[in-house]
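Structure file work.cif (mmCIF, C-alpha atoms) follows.
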data_my_file
loop_
_atom_site.label_atom_id
_atom_site.label_comp_id
_atom_site.auth_asym_id
_atom_site.auth_seq_id
_atom_site.Cartn_x
_atom_site.Cartn_y
_atom_site.Cartn_z
CA MET A 655 46.28 -18.30 34.07
CA ASN A 656 49.36 -17.05 35.80
CA TYR A 657 49.46 -14.48 38.55
CA SER A 658 50.23 -11.46 36.35
CA SER A 659 47.37 -12.13 33.92
CA LYS A 660 44.94 -12.59 36.82
CA LEU A 661 46.12 -9.34 38.37
CA THR A 662 45.77 -7.54 35.03
CA ALA A 663 42.23 -8.86 34.55
CA LEU A 664 41.30 -7.86 38.10
CA LEU A 665 42.68 -4.32 37.66
CA LEU A 666 40.88 -3.98 34.32
CA LEU A 667 37.56 -5.04 35.85
CA ALA A 668 38.08 -2.70 38.80
CA GLY A 669 38.76 0.20 36.44
CA ILE A 670 35.65 -0.51 34.39
CA ALA A 671 33.53 -0.82 37.53
CA SER A 672 34.81 2.48 38.93
CA VAL A 673 34.03 4.30 35.67
CA ALA A 674 30.56 2.75 35.52
CA SER A 675 29.74 3.66 39.11
CA ALA A 676 31.05 7.21 38.72
CA GLN A 677 28.84 7.85 35.69
CA GLY A 678 25.49 7.10 37.32
CA ALA A 679 26.04 7.53 41.04
CA LEU A 680 22.77 8.15 42.87
CA THR A 681 22.41 9.13 46.48
CA ARG A 682 20.57 6.89 48.90
CA SER A 683 17.64 9.31 49.05
CA GLN A 684 17.35 9.35 45.24
CA VAL A 685 17.29 5.56 45.12
CA GLU A 686 14.67 5.42 47.90
CA ALA A 687 12.54 8.00 46.06
CA GLU A 688 12.76 6.00 42.81
CA LEU A 689 11.83 2.80 44.64
CA ALA A 690 8.84 4.46 46.30
CA THR A 691 7.64 5.79 42.94
CA ALA A 692 8.08 2.37 41.30
CA MET A 693 6.14 0.68 44.11
CA ARG A 694 3.35 3.26 43.91
CA ASN A 695 3.10 2.84 40.11
CA GLY A 696 3.31 -0.96 40.21
CA ASP A 697 6.58 -1.05 38.29
CA VAL A 698 8.40 -3.32 40.77
CA MET A 699 9.35 -6.69 39.28
CA GLY A 700 7.92 -9.68 41.14
CA PRO A 701 9.38 -13.19 41.45
CA SER A 702 7.41 -14.29 38.37
CA GLY A 703 9.25 -11.81 36.17
CA LEU A 704 6.17 -9.62 35.75
CA THR A 705 5.58 -6.22 37.31
CA ASP A 706 2.85 -5.70 39.88
CA ARG A 707 0.97 -3.63 37.28
CA GLN A 708 1.00 -6.60 34.89
CA LEU A 709 -0.15 -9.01 37.58
CA ARG A 710 -2.89 -6.79 39.03
CA PRO A 711 -3.86 -4.06 36.55
CA ASP A 712 -7.02 -3.35 38.56
CA LEU A 713 -4.86 -1.96 41.41
CA TYR A 714 -2.84 0.33 39.18
CA PRO A 715 -5.16 2.22 36.83
CA ARG A 716 -3.70 3.93 33.79
CA PRO A 717 -3.71 7.72 33.79
CA ALA A 718 -6.64 9.20 31.92
CA VAL A 719 -5.92 10.19 28.34
CA VAL A 720 -6.75 13.81 27.69
CA GLY A 721 -8.95 14.11 24.63
CA LYS A 722 -9.35 16.93 22.18
CA THR A 723 -11.53 19.93 22.82
CA ARG A 724 -14.63 20.60 20.76
CA ALA A 725 -12.86 23.50 19.04
CA GLN A 726 -9.93 21.25 18.05
CA VAL A 727 -12.26 18.62 16.58
CA GLU A 728 -14.22 21.25 14.66
CA ALA A 729 -10.98 22.75 13.30
CA GLU A 730 -9.80 19.31 12.13
CA LEU A 731 -13.15 18.62 10.48
CA SER A 732 -13.11 21.98 8.71
CA SER A 733 -9.55 21.35 7.50
CA ALA A 734 -10.44 17.85 6.25
CA ILE A 735 -13.45 19.18 4.34
CA HIS A 736 -11.42 22.04 2.84
CA ASN A 737 -8.55 19.72 1.78
CA GLY A 738 -10.84 16.96 0.47
CA ASP A 739 -9.71 14.41 3.05
CA MET A 740 -13.25 13.30 3.92
CA VAL A 741 -14.25 9.83 2.72
CA ALA A 742 -16.57 10.23 -0.26
CA ASP A 743 -18.66 7.11 0.23
CA GLY A 744 -18.53 4.09 2.47
CA GLU A 745 -18.02 1.57 -0.28
CA SER A 746 -14.92 2.63 -2.19
CA GLY A 747 -12.96 4.22 0.65
CA LEU A 748 -11.82 7.02 -1.66
CA THR A 749 -11.62 10.59 -0.44
CA GLU A 750 -13.24 13.57 -2.11
CA ARG A 751 -9.77 14.62 -3.33
CA ASP A 752 -9.28 11.20 -4.96
CA LEU A 753 -12.57 11.50 -6.83
CA ASN A 754 -12.21 15.14 -7.88
CA PRO A 755 -8.58 16.34 -7.45
CA SER A 756 -9.04 19.60 -9.39
CA ALA A 757 -11.55 20.89 -6.81
CA TYR A 758 -8.97 20.98 -3.98
CA PRO A 759 -5.68 22.81 -3.41
CA ALA A 760 -2.50 20.99 -4.45
CA ARG A 761 -0.59 19.22 -1.71
CA PRO A 762 2.89 20.54 -0.99
CA VAL A 763 5.66 18.52 -2.61
CA VAL A 764 8.38 17.31 -0.28
CA ALA A 765 11.89 17.42 -1.72
CA GLY A 766 13.47 13.99 -2.05
CA LEU A 767 17.08 12.89 -1.98
CA THR A 768 19.50 13.74 -4.75
CA ARG A 769 21.01 11.01 -6.91
CA ALA A 770 24.35 11.44 -5.13
CA GLN A 771 22.70 11.06 -1.71
CA VAL A 772 20.94 7.87 -2.80
CA LYS A 773 24.19 6.47 -4.21
CA ALA A 774 26.01 7.30 -0.96
CA GLU A 775 23.29 5.60 1.12
CA LEU A 776 23.43 2.52 -1.12
CA ALA A 777 27.23 2.32 -0.85
CA ALA A 778 27.02 2.61 2.95
CA ALA A 779 24.33 -0.09 3.11
CA ILE A 780 26.44 -2.46 1.01
CA ARG A 781 29.57 -1.69 3.05
CA ASP A 782 27.74 -2.19 6.38
CA GLY A 783 25.90 -5.33 5.29
CA ASP A 784 22.47 -3.75 5.50
CA MET A 785 21.32 -5.13 2.14
CA ILE A 786 18.88 -8.05 2.14
CA ALA A 787 20.95 -11.22 1.70
CA ASN A 788 18.39 -13.28 -0.19
CA GLY A 789 14.68 -13.31 -0.79
CA GLU A 790 13.98 -16.34 1.36
CA THR A 791 14.92 -15.35 4.90
CA GLY A 792 14.64 -11.58 4.79
CA LEU A 793 17.87 -11.28 6.79
CA THR A 794 20.54 -8.75 5.96
CA GLU A 795 24.11 -9.71 5.07
CA ALA A 796 25.26 -8.43 8.49
CA GLN A 797 22.70 -10.63 10.25
CA MET A 798 23.81 -13.69 8.32
CA GLU A 799 27.57 -13.02 8.69
CA PRO A 800 28.04 -10.66 11.66
CA GLN A 801 31.77 -11.36 11.97
CA ARG A 802 32.33 -10.07 8.43
CA TYR A 803 30.82 -6.66 9.18
CA ALA A 804 31.77 -6.20 12.86
CA ALA A 805 34.87 -4.09 12.20
CA GLN A 806 33.07 -1.69 9.86
CA ARG A 807 30.16 -1.31 12.27
CA ALA A 808 32.62 -0.46 15.07
CA ILE A 809 34.25 2.19 12.86
CA ASP A 810 30.84 3.63 11.97
CA ALA A 811 29.82 3.75 15.66
CA THR A 812 33.04 5.54 16.58
CA THR A 813 32.52 8.04 13.76
CA ARG A 814 28.93 8.73 14.85
CA MET A 815 30.01 9.22 18.44
CA ALA A 816 32.78 11.60 17.37
CA GLN A 817 30.30 13.62 15.34
CA HIS A 818 28.08 13.96 18.40
CA GLY A 819 30.97 14.90 20.67
CA ALA A 820 30.95 11.74 22.78
CA ALA A 821 33.94 9.51 23.42
CA PRO A 822 33.52 5.77 22.77
CA ALA A 823 33.31 3.38 25.71
CA GLY A 824 36.88 2.18 25.16
CA GLY A 825 38.51 5.56 25.82
CA SER A 826 39.54 8.54 23.74
CA LEU A 827 39.23 8.99 20.00
CA GLN A 828 42.35 8.74 17.87
#
Spit out the file's structure as structure tokens when you get a sec.
Amino acid sequence: MNYSSKLTALLLLAGIASVASAQGALTRSQVEAELATAMRNGDVMGPSGLTDRQLRPDLYPRPAVVGKTRAQVEAELSSAIHNGDMVADGESGLTERDLNPSAYPARPVVAGLTRAQVKAELAAAIRDGDMIANGETGLTEAQMEPQRYAAQRAIDATTRMAQHGAAPAGGSLQ
């Protein structure tokens, strides 16, 4: 590499580093507070690559899970009985609704996608390589040939970011 290309690379790296440090700058006190919290919770990584909590779980107990109140459990039971969601017998595993559907209120029907929406999703999946390549590996086309779909995925990412009002990492949108 000649001098000018080295200088260009150095300036580029310096620019990227300054942007990265400006985005998430923490004060010394914030870093110390985060470290103290991590040490107290056992989330500090040890030399083995495991956290203290993973090495010694007996020293860092998990917070107690808050259960449901008696009233909540009774309300759920009443709702399950009313809707026929109780298991009818222990052998078949069928619910009361499955055995006698006319005795219970109809379940609400959730609207599905229109034909046009399904066609648009299929076209996008084919374009982006998200279709299963073959039945043997279970990999998608994009996983098998990432270079073929890289440009389209970059365009899709830029479009999504523009829709959410964020600029891509490379600079401004054009």
Picked residues, the PyMOL selection byres ((chain A and resi 739) around 10), as a ChimeraX atom specification: /A:731,733-738,740-742,748-752,758
Residues matched by the PyMOL selection byres ((chain A and resi 767-784) around 9), written as an MDAnalysis selection string: chainID A and resid 765:766 785:787 793:797 799:800 802:804 806:807 810
Atom-to-atom span, atom CA of A:Val727 and atom CA of A:Gly747, Å: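 Interatomic distance, atom CA of A:Val727 to atom CA of A:Gly747: 21.5 Å.
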Point-to-point distance from atom CA of A:Arg694 to atom CA of A:Tyr714, Å rounded to tenths: 8.3 Å
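The spacing separating atom CA of A:Pro711 from atom CA of A:Thr691 amounts to 16.4 Å.
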Non-local contacts of stretch 702-710 of chain A (10 Å; only C-alpha atoms; under 6 positions in same chain excluded) as a PyMOL selection string: chain A and resi 692-696+716
Could you write out the selected residues, including C-alpha atoms, as a PDB file, in the coordinates of the input?
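Saved result, out-v1.pdb, follows:
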ATOM      1  CA  ALA A 692       8.080   2.370  41.300  1.00  0.00           C
ATOM      2  CA  MET A 693       6.140   0.680  44.110  1.00  0.00           C
ATOM      3  CA  ARG A 694       3.350   3.260  43.910  1.00  0.00           C
ATOM      4  CA  ASN A 695       3.100   2.840  40.110  1.00  0.00           C
ATOM      5  CA  GLY A 696       3.310  -0.960  40.210  1.00  0.00           C
ATOM      6  CA  ARG A 716      -3.700   3.930  33.790  1.00  0.00           C
TER       7      ARG A 716
END
